[in-house]
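Student: Structure supplied as data-v2.cif; contents: mmCIF, C-alpha atoms and all ligand atoms.
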data_my_file
#
loop_
_atom_site.label_atom_id
_atom_site.label_comp_id
_atom_site.auth_asym_id
_atom_site.auth_seq_id
_atom_site.Cartn_x
_atom_site.Cartn_y
_atom_site.Cartn_z
CA MET T 5 108.87 96.32 120.06
CA GLY T 6 109.98 99.40 118.08
CA GLN T 7 107.75 98.86 115.11
CA PRO T 8 104.41 98.38 116.89
CA CYS T 9 105.16 101.46 119.00
CA ALA T 10 105.77 103.53 115.88
CA VAL T 11 102.64 102.22 114.22
CA VAL T 12 100.57 102.97 117.33
CA VAL T 13 102.00 106.52 117.51
CA LEU T 14 101.29 107.06 113.83
CA ARG T 15 97.75 105.77 114.17
CA LYS T 16 97.06 108.01 117.18
CA TRP T 17 98.31 111.07 115.33
CA LEU T 18 96.22 110.28 112.29
CA GLU T 19 93.14 109.71 114.46
CA ALA T 20 93.69 113.15 116.00
CA TYR T 21 94.10 114.60 112.53
CA GLU T 22 90.85 112.92 111.41
CA ARG T 23 89.06 114.57 114.33
CA LEU T 24 90.45 117.93 113.29
CA LYS T 25 89.24 117.41 109.74
CA VAL T 26 85.78 116.34 110.83
CA GLY T 27 85.57 119.34 113.13
CA ARG T 28 86.62 121.56 110.19
CA LEU T 29 89.44 122.98 112.25
CA SER T 30 91.46 121.50 109.43
CA LEU T 31 94.80 122.94 108.47
CA HIS T 32 94.17 126.55 109.55
CA HIS T 33 94.98 125.58 113.12
CA LEU T 34 97.97 123.49 112.15
CA THR T 35 99.57 125.87 109.67
CA SER T 36 99.19 129.40 110.90
CA THR T 37 102.44 130.61 109.37
CA GLY T 38 101.38 133.65 107.41
CA SER T 39 102.01 132.96 103.76
CA GLY T 40 100.53 129.87 102.19
CA LYS T 41 97.15 131.52 102.61
CA LYS T 42 96.33 130.73 98.99
CA THR T 43 96.84 126.98 99.39
CA ARG T 44 94.90 126.84 102.65
CA THR T 45 92.07 128.65 100.95
CA ARG T 46 92.16 126.10 98.15
CA MET T 47 91.87 123.33 100.73
CA THR T 48 88.94 124.98 102.45
CA GLN T 49 87.23 125.63 99.13
CA ALA T 50 87.64 121.98 98.20
CA ILE T 51 86.08 120.88 101.48
CA GLU T 52 83.19 123.29 101.09
CA LYS T 53 82.60 122.34 97.47
CA THR T 54 82.74 118.58 97.82
CA GLY T 55 82.01 118.06 101.51
CA ASP T 56 85.01 115.73 101.40
CA PRO T 57 88.37 117.02 102.60
CA SER T 58 90.12 114.39 100.51
CA CYS T 59 93.71 115.36 99.85
CA SER T 60 93.46 114.23 96.24
CA THR T 61 91.02 117.06 95.42
CA VAL T 62 93.74 119.68 95.68
CA ARG T 63 96.73 118.03 94.05
CA ARG T 64 99.13 120.52 92.46
CA LYS T 65 99.45 120.20 88.67
CA THR T 66 102.93 119.05 87.73
CA GLN T 67 104.91 117.79 84.77
CA LEU T 68 105.09 114.03 84.30
CA VAL T 69 108.55 112.55 84.82
CA MET T 70 109.31 108.86 84.27
CA VAL T 71 111.75 107.04 86.56
CA GLY T 72 112.18 103.77 84.66
CA ASN T 73 108.62 102.48 84.36
CA ILE T 74 107.32 104.52 87.33
CA ALA T 75 105.43 107.73 86.63
CA VAL T 76 106.07 110.64 89.00
CA GLY T 77 103.89 113.76 88.83
CA GLY T 78 101.43 114.59 86.08
CA GLY T 79 98.59 113.28 88.25
CA ALA T 80 100.14 109.80 88.72
CA PRO T 81 99.58 108.14 92.12
CA ILE T 82 101.99 109.41 94.77
CA VAL T 83 105.09 107.23 94.58
CA VAL T 84 106.78 105.71 97.64
CA GLN T 85 110.54 105.62 97.63
CA SER T 86 113.36 105.05 100.04
CA MET T 87 117.12 104.66 100.16
CA THR T 88 119.33 101.65 100.84
CA LYS T 89 121.47 101.78 103.97
CA THR T 90 124.00 99.18 102.89
CA ASP T 91 127.48 99.61 101.47
CA THR T 92 126.55 99.76 97.77
CA ARG T 93 129.80 97.93 96.94
CA ASP T 94 128.37 94.86 98.68
CA THR T 95 126.15 93.75 95.81
CA ASN T 96 124.32 90.85 97.46
CA VAL T 97 123.56 92.63 100.72
CA THR T 98 122.32 95.68 98.79
CA LEU T 99 120.14 93.56 96.50
CA SER T 100 118.63 91.71 99.40
CA GLN T 101 117.75 95.02 101.10
CA ILE T 102 116.21 96.29 97.85
CA GLU T 103 114.08 93.13 97.69
CA ARG T 104 112.84 93.65 101.27
CA MET T 105 112.04 97.29 100.47
CA LYS T 106 110.15 96.25 97.35
CA ASN T 107 108.15 93.69 99.32
CA ALA T 108 107.21 96.41 101.80
CA GLY T 109 105.85 98.52 98.90
CA CYS T 110 108.82 100.61 97.81
CA GLU T 111 108.53 101.66 94.16
CA ILE T 112 111.81 103.49 93.55
CA VAL T 113 115.09 102.89 95.40
CA ARG T 114 117.89 105.41 95.78
CA ILE T 115 121.41 104.16 96.35
CA ALA T 116 124.52 106.08 97.35
CA ILE T 117 127.34 106.04 94.79
CA PRO T 118 130.39 107.32 96.66
CA ASP T 119 133.10 105.99 94.31
CA ARG T 120 134.05 103.93 91.25
CA ASP T 121 133.71 100.61 93.12
CA ALA T 122 130.09 101.47 93.86
CA VAL T 123 129.55 102.14 90.14
CA LYS T 124 131.02 98.68 89.37
CA ALA T 125 128.60 97.08 91.84
CA LEU T 126 125.75 99.10 90.32
CA ARG T 127 126.02 97.16 87.05
CA GLU T 128 124.98 93.91 88.77
CA ILE T 129 122.53 95.62 91.12
CA ARG T 130 120.80 97.30 88.17
CA ARG T 131 120.66 94.02 86.26
CA ARG T 132 119.00 92.16 89.14
CA SER T 133 116.79 94.86 90.69
CA SER T 134 113.14 94.64 89.69
CA ILE T 135 112.40 98.26 90.61
CA PRO T 136 113.90 101.50 89.25
CA LEU T 137 117.10 102.79 90.84
CA ILE T 138 118.29 106.34 91.43
CA ALA T 139 121.99 107.06 91.97
CA ASP T 140 122.78 109.57 94.71
CA ILE T 141 125.94 111.43 93.74
CA HIS T 142 127.87 114.34 95.20
CA PHE T 143 130.80 116.35 93.88
CA ASP T 144 132.06 114.13 91.04
CA HIS T 145 130.17 114.43 87.76
CA ARG T 146 132.16 111.50 86.31
CA LEU T 147 130.34 109.16 88.71
CA ALA T 148 127.03 110.45 87.35
CA LEU T 149 128.17 109.80 83.78
CA ALA T 150 129.36 106.31 84.72
CA CYS T 151 126.01 105.49 86.38
CA LEU T 152 124.17 106.64 83.25
CA ASP T 153 126.38 104.29 81.23
CA GLU T 154 125.24 101.48 83.53
CA GLY T 155 121.60 102.27 82.75
CA ILE T 156 120.62 104.00 85.99
CA ASP T 157 116.96 105.14 85.96
CA GLY T 158 117.54 108.54 87.56
CA LEU T 159 120.07 110.75 89.29
CA ARG T 160 119.95 112.74 92.50
CA ILE T 161 122.55 115.46 92.27
CA ASN T 162 122.94 119.12 93.00
CA PRO T 163 124.13 120.77 89.80
CA GLY T 164 125.78 123.42 91.98
CA ASN T 165 128.23 120.99 93.58
CA ILE T 166 128.81 118.46 90.83
CA GLY T 167 131.45 120.38 88.84
CA SER T 168 131.82 123.18 86.32
CA MET T 169 129.04 124.36 84.01
CA ALA T 170 130.62 122.24 81.27
CA ASP T 171 130.42 119.20 83.58
CA VAL T 172 126.78 119.87 84.39
CA ARG T 173 125.99 120.24 80.69
CA GLU T 174 127.69 116.89 80.00
CA VAL T 175 125.66 115.15 82.75
CA ALA T 176 122.39 116.75 81.64
CA LEU T 177 122.93 115.78 78.00
CA ALA T 178 123.82 112.20 78.96
CA ALA T 179 120.78 112.03 81.26
CA LYS T 180 118.57 113.30 78.44
CA GLU T 181 119.96 110.69 76.05
CA ASN T 182 119.27 107.95 78.62
CA SER T 183 115.80 109.31 79.54
CA ALA T 184 116.95 109.57 83.14
CA PRO T 185 115.43 112.38 85.23
CA ILE T 186 117.46 114.40 87.71
CA ARG T 187 116.29 115.25 91.20
CA ILE T 188 117.64 118.44 92.65
CA GLY T 189 117.87 117.76 96.35
CA VAL T 190 118.13 120.89 98.45
CA ASN T 191 118.92 120.26 102.09
CA SER T 192 118.77 123.03 104.70
CA GLY T 193 121.99 121.70 106.22
CA SER T 194 124.10 122.21 103.10
CA LEU T 195 122.96 125.49 101.58
CA GLU T 196 125.39 127.75 99.76
CA GLU T 197 127.22 130.22 101.99
CA ASP T 198 126.08 133.30 100.05
CA LEU T 199 122.43 132.29 100.46
CA LEU T 200 122.87 131.73 104.19
CA GLN T 201 124.32 135.24 104.46
CA LYS T 202 121.67 136.82 102.27
CA HIS T 203 118.71 135.20 104.06
CA ASN T 204 120.20 135.26 107.51
CA GLY T 205 120.27 131.46 107.86
CA ALA T 206 118.70 128.38 106.28
CA THR T 207 115.27 129.92 105.83
CA PRO T 208 112.58 128.57 103.46
CA GLU T 209 113.38 131.47 101.13
CA ALA T 210 117.07 130.49 101.09
CA MET T 211 116.16 126.87 100.30
CA VAL T 212 113.91 127.98 97.44
CA GLU T 213 116.54 130.30 96.01
CA SER T 214 119.04 127.45 96.08
CA ALA T 215 116.58 125.15 94.28
CA LEU T 216 115.84 127.78 91.64
CA ARG T 217 119.55 128.34 91.12
CA HIS T 218 120.05 124.60 90.43
CA ILE T 219 116.92 124.38 88.30
CA ARG T 220 118.10 127.26 86.10
CA ILE T 221 121.45 125.56 85.59
CA LEU T 222 119.68 122.50 84.16
CA GLU T 223 117.17 124.55 82.19
CA ASP T 224 119.99 126.57 80.67
CA VAL T 225 121.34 123.38 79.11
CA GLY T 226 117.89 122.40 77.85
CA PHE T 227 117.11 119.78 80.49
CA ASP T 228 113.60 119.66 81.98
CA GLN T 229 113.14 116.12 83.34
CA ILE T 230 113.49 117.53 86.83
CA LYS T 231 112.16 116.66 90.26
CA VAL T 232 112.86 118.81 93.29
CA SER T 233 113.09 118.22 97.01
CA LEU T 234 113.44 120.85 99.73
CA LYS T 235 114.28 119.14 102.96
CA ALA T 236 114.70 120.65 106.38
CA SER T 237 114.63 118.71 109.62
CA ASP T 238 111.67 120.65 110.97
CA VAL T 239 108.14 120.59 109.69
CA PHE T 240 107.24 124.22 109.10
CA ARG T 241 110.40 125.28 107.29
CA THR T 242 109.91 122.34 104.94
CA LEU T 243 106.23 123.12 104.40
CA GLN T 244 106.87 126.80 103.78
CA ALA T 245 109.70 126.11 101.32
CA TYR T 246 107.49 123.81 99.21
CA ARG T 247 104.65 126.34 99.30
CA ILE T 248 106.90 129.08 97.96
CA LEU T 249 108.51 126.95 95.24
CA ALA T 250 105.11 125.64 94.12
CA LYS T 251 104.33 129.16 92.91
CA GLU T 252 107.49 129.27 90.81
CA VAL T 253 107.77 125.93 88.96
CA ASP T 254 105.65 122.96 87.90
CA TYR T 255 108.26 120.24 88.34
CA PRO T 256 107.15 117.32 90.50
CA PHE T 257 108.07 117.47 94.18
CA HIS T 258 109.77 114.74 96.13
CA ALA T 259 108.85 115.35 99.77
CA GLY T 260 110.09 114.26 103.14
CA ILE T 261 111.29 115.51 106.48
CA THR T 262 115.00 114.83 106.53
CA GLU T 263 116.92 113.41 109.51
CA ALA T 264 113.53 113.03 111.17
CA GLY T 265 114.82 110.88 114.03
CA SER T 266 114.17 107.49 115.55
CA ILE T 267 111.32 105.18 114.65
CA VAL T 268 108.91 106.85 117.08
CA SER T 269 109.91 110.53 117.01
CA GLY T 270 110.77 110.37 113.31
CA THR T 271 107.48 108.71 112.47
CA VAL T 272 105.53 111.43 114.26
CA LYS T 273 107.57 114.24 112.71
CA SER T 274 107.32 112.74 109.22
CA THR T 275 103.60 112.11 109.59
CA VAL T 276 102.90 115.65 110.73
CA GLY T 277 105.01 117.18 107.94
CA LEU T 278 103.94 114.91 105.13
CA THR T 279 100.26 115.09 106.07
CA LEU T 280 100.36 118.87 105.81
CA LEU T 281 102.23 118.74 102.49
CA LEU T 282 99.99 116.00 101.10
CA CYS T 283 96.81 117.82 102.07
CA GLU T 284 98.01 120.91 100.25
CA GLY T 285 98.60 118.76 97.16
CA LEU T 286 102.31 119.48 97.15
CA VAL T 287 103.65 115.92 96.91
CA ASP T 288 104.34 113.65 93.95
CA THR T 289 106.70 111.18 95.59
CA ILE T 290 107.55 110.65 99.26
CA ARG T 291 110.34 109.32 101.36
CA VAL T 292 110.13 108.88 105.11
CA SER T 293 113.61 109.18 106.65
CA LEU T 294 114.08 107.27 109.89
CA THR T 295 117.03 105.99 111.85
CA ALA T 296 115.61 102.54 111.19
CA PRO T 297 115.63 99.87 108.47
CA PRO T 298 114.35 101.20 105.12
CA GLU T 299 111.47 98.69 105.09
CA GLU T 300 110.10 100.55 108.13
CA GLU T 301 110.38 103.85 106.28
CA VAL T 302 108.37 102.36 103.42
CA ARG T 303 105.73 100.93 105.77
CA VAL T 304 105.28 104.30 107.48
CA ALA T 305 105.09 106.12 104.11
CA TYR T 306 102.40 103.76 102.92
CA LEU T 307 100.46 104.02 106.16
CA ILE T 308 100.43 107.81 105.84
CA LEU T 309 99.17 107.63 102.23
CA SER T 310 96.68 104.91 103.01
CA ASN T 311 95.25 106.73 106.06
CA LEU T 312 94.81 109.89 104.00
CA GLY T 313 93.02 107.92 101.29
CA LEU T 314 95.75 108.65 98.74
CA ARG T 315 96.92 105.08 98.18
CA LYS T 316 94.96 101.97 99.07
CA ARG T 317 97.38 99.20 99.61
CA LEU T 318 98.15 98.25 103.17
CA PRO T 319 95.73 96.70 105.64
CA ASN T 320 94.37 99.02 108.30
CA ILE T 321 95.08 97.54 111.72
CA ILE T 322 92.71 98.65 114.44
CA SER T 323 93.80 97.79 117.96
CA CYS T 324 92.39 98.84 121.30
CA PRO T 325 94.45 100.95 123.73
CA ILE T 326 94.12 98.24 126.45
CA CYS T 327 92.41 98.79 129.80
CA GLY T 328 91.89 96.85 133.02
CA ARG T 329 89.59 94.36 131.29
CA CYS T 330 92.44 92.98 129.15
CA GLU T 331 93.85 89.66 130.44
CA VAL T 332 96.53 89.03 127.80
CA ASP T 333 99.80 90.58 126.66
CA LEU T 334 98.12 92.40 123.76
CA LEU T 335 101.28 94.29 122.73
CA SER T 336 103.15 91.04 122.01
CA ILE T 337 100.11 89.50 120.33
CA LEU T 338 99.66 92.54 118.09
CA SER T 339 103.33 92.52 117.20
CA GLU T 340 103.12 88.82 116.26
CA ILE T 341 100.00 89.33 114.15
CA GLU T 342 101.46 92.38 112.39
CA SER T 343 104.65 90.56 111.60
CA ARG T 344 102.79 87.51 110.23
CA LEU T 345 100.64 89.76 108.05
CA ALA T 346 103.50 92.04 106.97
CA SER T 347 103.33 90.94 103.33
CA LEU T 348 99.55 91.49 103.07
CA LYS T 349 98.79 94.29 100.62
CA ASN T 350 94.99 94.37 100.65
CA PRO T 351 93.07 97.35 102.06
CA ILE T 352 91.34 95.29 104.73
CA ASP T 353 90.31 96.52 108.21
CA ILE T 354 91.69 94.11 110.82
CA ALA T 355 90.84 94.50 114.52
CA VAL T 356 92.91 93.15 117.39
CA MET T 357 91.07 93.80 120.66
CA GLY T 358 91.97 93.22 124.29
CA CYS T 359 88.78 91.68 125.67
CA MET T 360 85.81 89.61 124.50
CA VAL T 361 83.31 91.72 126.45
CA ASN T 362 83.71 94.92 124.50
CA GLY T 363 86.17 94.12 121.70
CA PRO T 364 83.79 92.80 118.99
CA GLY T 365 81.37 95.68 119.56
CA GLU T 366 84.03 98.38 119.68
CA ALA T 367 85.50 97.10 116.40
CA LYS T 368 82.27 96.12 114.68
CA GLU T 369 83.18 97.96 111.48
CA ALA T 370 86.33 95.92 110.94
CA ASP T 371 86.23 93.37 108.10
CA ILE T 372 87.71 90.79 110.45
CA GLY T 373 88.73 90.91 114.08
CA VAL T 374 89.92 88.99 117.06
CA ALA T 375 89.25 89.64 120.76
CA PHE T 376 90.95 87.90 123.65
CA GLY T 377 89.95 86.36 126.96
CA ARG T 378 92.36 84.71 129.38
CA LYS T 379 92.09 81.17 127.95
CA ALA T 380 90.49 81.70 124.55
CA GLY T 381 89.63 84.28 121.97
CA VAL T 382 86.88 84.98 119.49
CA ILE T 383 87.16 85.71 115.80
CA PHE T 384 84.50 88.03 114.41
CA LYS T 385 83.55 89.54 111.07
CA LYS T 386 81.86 92.92 110.86
CA GLY T 387 81.12 92.62 114.58
CA LYS T 388 79.41 89.21 114.32
CA LEU T 389 80.90 86.28 116.16
CA LEU T 390 82.43 83.61 113.90
CA ARG T 391 83.89 81.18 116.42
CA LYS T 392 85.69 80.76 119.74
CA VAL T 393 89.24 79.39 119.57
CA LYS T 394 91.65 78.10 122.24
CA MET T 395 94.44 80.49 123.14
CA LYS T 396 97.30 78.39 121.78
CA GLU T 397 95.70 78.21 118.34
CA ILE T 398 94.10 81.60 118.05
CA ILE T 399 96.88 83.62 116.41
CA SER T 400 97.46 81.05 113.64
CA GLU T 401 93.73 80.58 113.03
CA PHE T 402 93.15 84.31 112.96
CA VAL T 403 96.00 84.94 110.52
CA GLU T 404 94.64 82.16 108.25
CA GLU T 405 91.19 83.69 108.43
CA VAL T 406 92.52 87.16 107.57
CA LEU T 407 94.37 85.79 104.54
CA SER T 408 91.27 83.95 103.39
CA VAL T 409 89.06 87.05 103.82
CA ALA T 410 91.65 89.17 101.98
CA GLY T 411 91.70 86.65 99.12
CA ARG T 412 87.91 86.70 98.86
CA MET T 413 87.81 90.51 98.97
CA GLU T 414 90.32 90.57 96.13
CA LYS T 415 87.95 88.44 94.06
CA GLY T 416 85.16 90.90 94.85
CA GLU T 417 83.17 88.50 97.07
CA SER T 418 80.96 90.01 99.77
CA LEU T 419 81.82 89.19 103.39
CA SER T 420 78.41 89.99 104.82
CA ARG T 421 76.93 86.69 103.56
CA GLU T 422 79.13 84.66 105.86
CA ALA T 423 78.80 86.64 109.06
FE1 LIG J 1 89.45 97.67 127.33
FE2 LIG J 1 88.32 95.63 126.05
FE3 LIG J 1 88.07 98.11 125.03
FE4 LIG J 1 90.42 96.90 124.95
S1 LIG J 1 88.53 96.23 123.92
S2 LIG J 1 90.06 98.99 125.63
S3 LIG J 1 90.44 95.72 126.82
S4 LIG J 1 87.26 97.34 126.98
#
Translate this file's structure into structure tokens.
Tutor:
Amino acid sequence: MGQPCAVVVLRKWLEAYERLKVGRLSLHHLTSTGSGKKTRTRMTQAIEKTGDPSCSTVRRKTQLVMVGNIAVGGGAPIVVQSMTKTDTRDTNVTLSQIERMKNAGCEIVRIAIPDRDAVKALREIRRRSSIPLIADIHFDHRLALACLDEGIDGLRINPGNIGSMADVREVALAAKENSAPIRIGVNSGSLEEDLLQKHNGATPEAMVESALRHIRILEDVGFDQIKVSLKASDVFRTLQAYRILAKEVDYPFHAGITEAGSIVSGTVKSTVGLTLLLCEGLVDTIRVSLTAPPEEEVRVAYLILSNLGLRKRLPNIISCPICGRCEVDLLSILSEIESRLASLKNPIDIAVMGCMVNGPGEAKEADIGVAFGRKAGVIFKKGKLLRKVKMKEIISEFVEEVLSVAGRMEKGESLSREA
């Protein structure tokens, strides 16, 4: 039941956020941290100018960086990525996880390369993966060079811990030759000792100084295909660090709240943090980090983007909170319907409601919906009753109906004619 719970939590938070936006309380009340005034003003100006607090109106201008065939930054749609959780040396298990991530909507996959055996496995993984791969490497620049030889699409390294300046230069030149970008990934948990001393801890300023230090190392060797991430495990340090760095560089930002937690607490924390970052236009690619399968991370990332109107891909599931009128186990039913529709990619509003008395009316704006009684349920479109179906057949019939409606929407057919 983990997944439905997380989705319900996410939806509730986004509904609350929508109410804040509509009430024009907006981000002032969520981000009263002193600096960042400029970006909040930009947001407010955009709302006042357009009447639409759409996040896309205030996107930060960044350089375009290509990761394989996927564009990051430069105004390209915000890219969803995640990281495999398998032992990279186990080629088949890793490939099968990559396939599941791709089916959930993942566009770039990062994989850990801890040693030479992982590099060997990478050859086959790269050959069979249909989406770009980024190698995550620490400490040993020779692993980075070996991954570039295997045709990796990008690297995630910290130039400061990968070797000497000569080693960094060698990696940067090889990356340039292979058109592979490098992401500098600053993490509040592994900042340089001198910066911790100077800033009195892992402050946003310390994170930014670390990022700039690594950026300058790459720039000094003539490398500019750079992405940057500044991850802390709490929302406001992360937000503040991105705000400060945004004033210094125009490299695309990879954003996420690191070590966010379990599927429920991590989903909430990631949603809060990413929503704030997205609405300040600070994000070019996102990763949601959860102690959960990576497909769930991808689903949550897409739901955040889709609810903020930044990517239209996943269906929007509307479900009622359940009250004393409900006579079925709606949690299990919702879970079953969500799992049967997991591969659906159309932006369709689907309602799953707990009673026939109020359900169709409460969800009348949904493209298609179902509401349950004790022995039967009704399927409705745009609030109008389509038919009554016996309980044992209703889930299958409803899923079929959703797929058929989604197919017709894809062809541009109107649904109102049939209702
Ligand atoms: Fe209650 Fe029915 Fe509304 Fe669900 S749809 S909250 S069961 S009245």
Student: Record the distance separating CA of Ser233 in chain T and CA of Ile290 in chain T, expressed in Å with one decimal.
Tutor: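 CA of Ile290 in chain T lies at a distance of 9.6 Å from CA of Ser233 in chain T.
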Student: Pick from T:Ser86, T:Gln101, T:Asn350, T:Ser183: nearest to Asn73 in chain T, with only C-alpha atoms counted?
Tutor: T:Ser183
Student: Report, in Å with one decimal, the straight-line distance from CA of Ala245 in chain T to CA of Glu209 in chain T.
Tutor: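 Value for the CA of Ala245 in chain T-CA of Glu209 in chain T distance: 6.5 Å.
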Student: At a cut-off of 8 Å and counting all atoms listed in the file, what residues surround ligand LIG 1 (chain J)? Please answer as a list in words.
Tutor: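 So the residues close to ligand LIG 1 (chain J) are Ser323, Cys324, Pro325, Ile326, Cys327, Gly328, Arg329, Cys330, Glu331, Met357, Gly358, Cys359, Met360, Val361, Asn362, Gly363, Pro364, Glu366 and Ala375 of chain T.
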Student: Just checking: using only C-alpha atoms, which residue out of T:Val225, T:Ile230, T:Val172, T:Ala370 ends up closest to Ile188 in chain T?
Tutor: T:Ile230
